[in-house]
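Have a look at my_file34.csv below; it lists CSV, C-alpha atoms.
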```csv
chain,number,residue,atom,x,y,z
A,772,MET,CA,16.9,-0.6,-2.4
A,773,GLU,CA,17.1,2.3,0.0
A,774,GLU,CA,16.5,5.9,-1.1
A,775,SER,CA,16.5,9.2,0.7
A,776,VAL,CA,13.2,10.9,0.5
A,777,THR,CA,11.6,14.2,1.6
A,778,PHE,CA,8.0,15.3,2.1
A,779,TYR,CA,6.2,18.2,3.7
A,780,SER,CA,4.1,18.6,6.8
A,781,GLU,CA,2.5,22.0,7.3
A,782,HIS,CA,5.0,23.5,4.9
A,783,GLN,CA,8.0,22.1,6.7
A,784,LYS,CA,10.3,19.6,5.0
A,785,LEU,CA,10.8,16.2,6.7
A,786,VAL,CA,13.6,13.9,5.7
A,787,GLY,CA,13.4,10.1,5.6
A,788,ASN,CA,14.7,6.8,4.1
A,789,LEU,CA,12.5,4.4,2.2
A,790,HIS,CA,13.7,0.8,2.3
A,791,LEU,CA,12.0,-1.0,-0.5
A,792,PRO,CA,12.7,-4.7,-1.1
A,793,TYR,CA,10.2,-4.9,-4.1
A,794,GLU,CA,7.4,-2.9,-5.6
A,795,LYS,CA,4.1,-3.1,-3.6
A,796,ALA,CA,5.7,-4.7,-0.6
A,797,PRO,CA,3.9,-4.5,2.8
A,798,CYS,CA,5.3,-1.5,4.7
A,799,VAL,CA,6.1,-0.6,8.3
A,800,LEU,CA,6.5,3.0,9.4
A,801,THR,CA,8.9,3.7,12.3
A,802,LEU,CA,8.2,6.6,14.7
A,803,HIS,CA,11.1,7.7,16.8
A,804,GLY,CA,11.0,9.1,20.4
A,805,LEU,CA,10.8,12.7,21.6
A,806,GLU,CA,14.4,13.7,21.2
A,807,SER,CA,15.8,11.2,18.8
A,808,SER,CA,15.6,10.8,15.0
A,809,LYS,CA,15.4,8.3,12.2
A,810,ASP,CA,19.1,7.6,12.5
A,811,SER,CA,19.1,7.2,16.3
A,812,GLY,CA,20.2,3.9,18.0
A,813,LYS,CA,18.0,1.1,16.8
A,814,TRP,CA,16.2,2.5,13.8
A,815,PRO,CA,18.7,1.7,11.0
A,816,THR,CA,19.0,-1.9,12.4
A,817,VAL,CA,15.2,-2.2,12.6
A,818,ALA,CA,14.8,-1.0,9.0
A,819,ALA,CA,17.5,-3.4,7.7
A,820,ARG,CA,15.9,-6.4,9.5
A,821,LEU,CA,12.4,-5.5,8.1
A,822,TYR,CA,13.9,-5.2,4.6
A,823,ALA,CA,15.5,-8.6,4.9
A,824,ALA,CA,12.2,-10.1,5.9
A,825,GLY,CA,10.5,-8.6,2.8
A,826,TYR,CA,8.9,-5.5,4.4
A,827,ALA,CA,9.3,-2.0,3.1
A,828,CYS,CA,10.2,0.5,5.8
A,829,LEU,CA,9.8,4.2,6.0
A,830,ARG,CA,11.8,5.8,8.8
A,831,PHE,CA,11.6,9.5,8.9
A,832,THR,CA,12.6,12.3,11.3
A,833,PHE,CA,9.9,14.4,12.9
A,834,ARG,CA,10.1,18.2,12.5
A,835,GLY,CA,12.8,19.9,14.5
A,836,CYS,CA,14.8,16.7,15.0
A,837,GLY,CA,17.9,15.3,13.6
A,838,THR,CA,21.3,16.8,12.8
A,839,GLY,CA,23.2,18.1,9.8
A,840,PRO,CA,21.7,17.4,6.3
A,841,ALA,CA,19.5,14.7,7.9
A,842,LYS,CA,17.7,17.3,10.1
A,843,SER,CA,14.0,18.0,9.3
A,844,GLU,CA,12.9,21.6,9.2
A,845,GLY,CA,11.3,23.3,12.2
A,846,GLU,CA,12.4,23.9,15.8
A,847,PHE,CA,12.5,21.3,18.5
A,848,GLU,CA,11.1,23.6,21.1
A,849,ASP,CA,7.8,23.8,19.1
A,850,VAL,CA,7.2,20.1,19.5
A,851,SER,CA,3.7,18.9,20.3
A,852,LEU,CA,1.8,15.6,20.1
A,853,THR,CA,-0.6,17.2,17.6
A,854,GLY,CA,2.2,18.4,15.4
A,855,ARG,CA,3.8,14.9,15.4
A,856,ILE,CA,0.5,13.3,14.5
A,857,ARG,CA,0.3,15.6,11.5
A,858,ASP,CA,3.9,14.6,10.5
A,859,TYR,CA,2.9,11.0,10.8
A,860,GLN,CA,-0.2,11.6,8.6
A,861,ALA,CA,2.0,13.4,6.1
A,862,ALA,CA,4.3,10.3,6.0
A,863,LEU,CA,1.2,8.1,5.3
A,864,GLU,CA,0.1,10.5,2.5
A,865,PHE,CA,3.7,10.4,1.1
A,866,LEU,CA,3.5,6.6,0.9
A,867,HIS,CA,0.1,6.8,-0.7
A,868,GLU,CA,1.3,9.2,-3.4
A,869,THR,CA,4.5,7.2,-4.2
A,870,GLU,CA,2.4,4.1,-5.1
A,871,LYS,CA,5.5,2.0,-4.3
A,872,VAL,CA,4.1,0.1,-1.3
A,873,ASP,CA,1.0,-1.9,-0.6
A,874,MET,CA,-1.2,0.6,1.3
A,875,ARG,CA,-3.5,-2.3,2.3
A,876,ARG,CA,-0.7,-3.8,4.3
A,877,LEU,CA,0.6,-1.2,6.7
A,878,GLY,CA,2.1,-1.6,10.1
A,879,VAL,CA,3.6,0.9,12.6
A,880,MET,CA,6.4,0.6,15.1
A,881,GLY,CA,6.6,3.5,17.6
A,882,SER,CA,9.1,4.1,20.4
A,883,SER,CA,8.4,6.1,23.5
A,884,PHE,CA,6.8,9.4,22.4
A,885,GLY,CA,6.6,7.8,18.9
A,886,GLY,CA,4.4,5.1,20.4
A,887,MET,CA,2.2,7.9,21.9
A,888,VAL,CA,1.8,9.4,18.4
A,889,ALA,CA,0.8,6.0,16.9
A,890,VAL,CA,-1.8,5.4,19.6
A,891,ALA,CA,-3.2,8.9,19.6
A,892,ALA,CA,-3.5,9.1,15.8
A,893,GLN,CA,-5.5,5.8,15.5
A,894,ASP,CA,-5.3,5.8,11.7
A,895,LYS,CA,-7.6,3.2,10.3
A,896,ARG,CA,-5.2,2.2,7.5
A,897,ILE,CA,-2.9,0.6,10.0
A,898,LYS,CA,-3.3,-3.2,10.3
A,899,ALA,CA,-0.9,-3.8,13.2
A,900,LEU,CA,0.8,-1.7,15.8
A,901,VAL,CA,4.0,-2.3,17.8
A,902,ILE,CA,4.9,0.1,20.6
A,903,HIS,CA,7.8,0.0,23.0
A,904,SER,CA,8.9,2.0,26.0
A,905,THR,CA,5.7,4.0,25.6
A,906,PRO,CA,4.1,6.1,28.4
A,907,TYR,CA,0.3,6.6,28.5
A,908,THR,CA,0.9,10.1,30.0
A,909,MET,CA,3.8,12.4,30.8
A,910,ARG,CA,4.4,14.5,33.9
A,911,HIS,CA,5.4,18.2,33.8
A,912,PRO,CA,9.2,18.6,34.2
A,913,GLN,CA,10.3,20.2,37.5
A,914,HIS,CA,12.4,23.0,35.8
A,915,GLU,CA,10.6,26.0,34.4
A,916,ALA,CA,12.3,28.8,32.4
A,917,GLY,CA,10.0,31.5,31.4
A,918,GLU,CA,7.8,30.4,28.5
A,919,TYR,CA,9.6,27.0,28.4
A,920,TYR,CA,10.0,23.8,30.4
A,921,GLU,CA,13.4,22.2,30.6
A,922,LEU,CA,13.7,18.5,29.9
A,923,PRO,CA,16.1,16.3,31.8
A,924,SER,CA,18.5,16.5,28.8
A,925,GLY,CA,18.6,20.3,29.0
A,926,ARG,CA,16.5,20.8,25.9
A,927,ARG,CA,13.5,23.0,26.1
A,928,VAL,CA,9.9,22.7,25.0
A,929,LYS,CA,7.3,25.4,25.0
A,930,LYS,CA,4.7,25.3,27.8
A,931,GLY,CA,2.0,24.5,25.2
A,932,PHE,CA,3.5,21.1,24.9
A,933,TYR,CA,1.9,19.9,28.1
A,934,ALA,CA,-1.4,21.7,27.4
A,935,ASP,CA,-1.6,19.9,24.1
A,936,LEU,CA,-0.8,16.6,25.8
A,937,ARG,CA,-3.7,17.0,28.2
A,938,SER,CA,-6.2,17.1,25.2
A,939,TYR,CA,-5.4,13.4,24.5
A,940,ASN,CA,-6.5,10.3,26.4
A,941,LEU,CA,-4.3,7.5,25.2
A,942,LEU,CA,-6.1,4.8,27.2
A,943,ASN,CA,-9.4,5.8,25.6
A,944,ALA,CA,-7.8,6.0,22.1
A,945,LEU,CA,-6.5,2.4,22.5
A,946,ARG,CA,-10.0,1.0,22.7
A,947,THR,CA,-10.3,1.0,18.9
A,948,ALA,CA,-6.7,0.0,18.3
A,949,PRO,CA,-5.6,-2.6,15.7
A,950,PRO,CA,-3.8,-5.7,16.9
A,951,ILE,CA,-1.2,-4.3,19.2
A,952,LEU,CA,2.1,-5.6,20.7
A,953,ILE,CA,3.4,-3.7,23.7
A,954,ILE,CA,7.1,-4.2,24.5
A,955,HIS,CA,8.8,-2.8,27.6
A,956,GLY,CA,12.2,-3.2,29.3
A,957,SER,CA,12.1,-4.4,32.9
A,958,SER,CA,14.9,-1.9,33.6
A,959,ASP,CA,13.5,1.1,31.8
A,960,GLU,CA,14.9,4.1,33.6
A,961,LEU,CA,12.5,6.6,32.1
A,962,VAL,CA,9.0,4.9,31.8
A,963,PRO,CA,7.9,2.5,34.6
A,964,GLN,CA,6.4,-0.9,33.6
A,965,GLU,CA,3.1,0.3,35.0
A,966,HIS,CA,2.6,2.3,31.8
A,967,ALA,CA,2.9,-0.7,29.6
A,968,ARG,CA,0.5,-2.7,31.8
A,969,LYS,CA,-2.1,0.1,31.7
A,970,LEU,CA,-1.8,0.4,27.9
A,971,TYR,CA,-2.2,-3.4,27.7
A,972,ASP,CA,-5.3,-3.4,29.9
A,973,ALA,CA,-7.0,-0.7,27.8
A,974,ALA,CA,-6.3,-2.3,24.4
A,975,PRO,CA,-8.8,-4.7,22.8
A,976,GLU,CA,-7.9,-8.2,21.6
A,977,PRO,CA,-5.8,-9.2,19.8
A,978,LYS,CA,-3.0,-7.8,22.0
A,979,ARG,CA,0.2,-9.0,23.6
A,980,LEU,CA,2.5,-7.6,26.3
A,981,GLU,CA,6.2,-8.6,26.4
A,982,ILE,CA,8.6,-7.5,29.2
A,983,VAL,CA,12.2,-7.8,28.1
A,984,GLU,CA,14.2,-8.7,31.2
A,985,GLY,CA,17.1,-6.4,31.9
A,986,ALA,CA,16.4,-4.1,29.0
A,987,ASP,CA,16.7,-0.3,29.3
A,988,HIS,CA,14.5,2.4,27.7
A,989,VAL,CA,16.2,2.2,24.3
A,990,PHE,CA,17.1,-1.6,24.3
A,991,SER,CA,20.8,-0.6,24.0
A,992,GLN,CA,22.1,-4.2,24.5
A,993,PRO,CA,22.2,-6.1,21.2
A,994,GLU,CA,20.4,-9.2,22.7
A,995,HIS,CA,17.6,-7.0,23.9
A,996,LEU,CA,17.2,-5.2,20.6
A,997,HIS,CA,17.3,-8.6,18.8
A,998,ARG,CA,14.4,-9.7,21.0
A,999,VAL,CA,12.4,-6.6,20.2
A,1000,ILE,CA,12.9,-6.9,16.5
A,1001,GLU,CA,12.0,-10.6,16.3
A,1002,LEU,CA,8.9,-10.1,18.4
A,1003,SER,CA,7.9,-7.2,16.2
A,1004,LEU,CA,8.4,-9.2,13.0
A,1005,GLU,CA,6.4,-12.1,14.4
A,1006,TRP,CA,3.5,-9.7,15.0
A,1007,PHE,CA,3.7,-8.1,11.6
A,1008,LYS,CA,3.8,-11.4,9.9
A,1009,ARG,CA,0.7,-12.4,11.7
A,1010,TYR,CA,-1.4,-9.3,11.1
A,1011,VAL,CA,0.1,-7.4,8.1
A,1012,VAL,CA,-0.7,-9.9,5.5
```

Can the structure from this file be put into structure tokens for me?
Amino acid sequence: MEESVTFYSEHQKLVGNLHLPYEKAPCVLTLHGLESSKDSGKWPTVAARLYAAGYACLRFTFRGCGTGPAKSEGEFEDVSLTGRIRDYQAALEFLHETEKVDMRRLGVMGSSFGGMVAVAAQDKRIKALVIHSTPYTMRHPQHEAGEYYELPSGRRVKKGFYADLRSYNLLNALRTAPPILIIHGSSDELVPQEHARKLYDAAPEPKRLEIVEGADHVFSQPEHLHRVIELSLEWFKRYVV
């Protein structure tokens, strides 16, 4: 069963989809990247594969992201790591209140900025973590426009975005992480492999680093995405039990 759901984070409505194979199933939350959404690229495929393997999946769109009726409330330019952590925590509270999944068996899969959210939040309820294409830090963009910075895509974020980022140290946060699988594409055009290796070095055991040869930032080739999903499922089956 798949149902459309909504919940609130700091009075702003977030939209999502809850895939539920059966009541009280173990559950994986998916956290999309900076400019994407729950419906971008790989996420519907990831959710379907998790469902087929017996895992519930909550994929939701962070505030200010998405399009049309699937857009969550808020403005993209207001994005911050702190705000996205609060959205993530709101998603966890939504799952707790629904009483439909087993809150003792929770995993998280985060991509790029979504991986940063999962690491920085360090929620103790999470039994296993999978991150891919994730940086441990982000540089300021070169283009400044008044009170904003312009991203390579042309979208803007307020200057406070980078000030907020500086208040987090992901490498320190990782030292108390749950079992973590770090996946990175060897041809990632946005985040160098060095980031994955630094994250891996900072994490405690059990941990695993997988470099997918030839894969880009979003694992756009079907064989690369298949590899990511199968590695992730293997990790969740081991630690979300």

Name the residues in contact with Asp987 (chain A) at a cut-off of 6 Å, using only C-alpha atoms, excluding same-chain residues fewer than 5 positions from it; report them as a ChimeraX atom specification.
/A:956,958-959

For the residues in the current selection, export C-alpha atoms as a compact mmCIF listing (two decimals), in the coordinates of the input.
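What landed in part-v3.txt:
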```txt
# COMPACT_ATOMS: atom_id res chain seq x y z
CA GLY A 956 12.20 -3.20 29.30
CA SER A 958 14.90 -1.90 33.60
CA ASP A 959 13.50 1.10 31.80
```

Please identify all polymer residues within 12 Å of Arg968 (chain A), counting only C-alpha atoms, omitting same-chain residues fewer than 3 positions from it, and present them as a count of residues only.
25

For region 810-877 of chain A versus region 783-799 of chain A, which residues have an atom no more than 6 Å away, and what is each residue's nearest atom pair and distance in Å rounded to one decimal, using only C-alpha atoms, chain-then-number order, as a Markdown table?
```
| residue | atom | partner | partner_atom | distance |
| --- | --- | --- | --- | --- |
| A:Tyr822 | CA | A:Pro792 | CA | 5.8 |
| A:Gly825 | CA | A:Pro792 | CA | 5.9 |
| A:Tyr826 | CA | A:Pro797 | CA | 5.3 |
| A:Ala827 | CA | A:Cys798 | CA | 4.3 |
| A:Cys828 | CA | A:Val799 | CA | 4.9 |
| A:Leu829 | CA | A:Leu789 | CA | 4.7 |
| A:Arg830 | CA | A:Gly787 | CA | 5.6 |
| A:Phe831 | CA | A:Gly787 | CA | 3.8 |
| A:Thr832 | CA | A:Val786 | CA | 5.9 |
| A:Ser843 | CA | A:Leu785 | CA | 4.5 |
| A:Glu844 | CA | A:Lys784 | CA | 5.3 |
| A:Lys871 | CA | A:Lys795 | CA | 5.3 |
| A:Val872 | CA | A:Lys795 | CA | 3.9 |
| A:Asp873 | CA | A:Lys795 | CA | 4.5 |
| A:Arg876 | CA | A:Pro797 | CA | 4.9 |
| A:Leu877 | CA | A:Cys798 | CA | 5.1 |
```

Given the choices A:Ser1003, A:Gln992, A:Ser807, A:Thr777, which gets closest to Ala862 (chain A) if the distance is worked out from all atoms listed in the file?
A:Thr777

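Shortest atom-to-atom contact with Pro840 (chain A) among A:Arg857, A:Gly885, A:Lys813, A:Ser775: A:Ser775, counting all atoms listed in the file.
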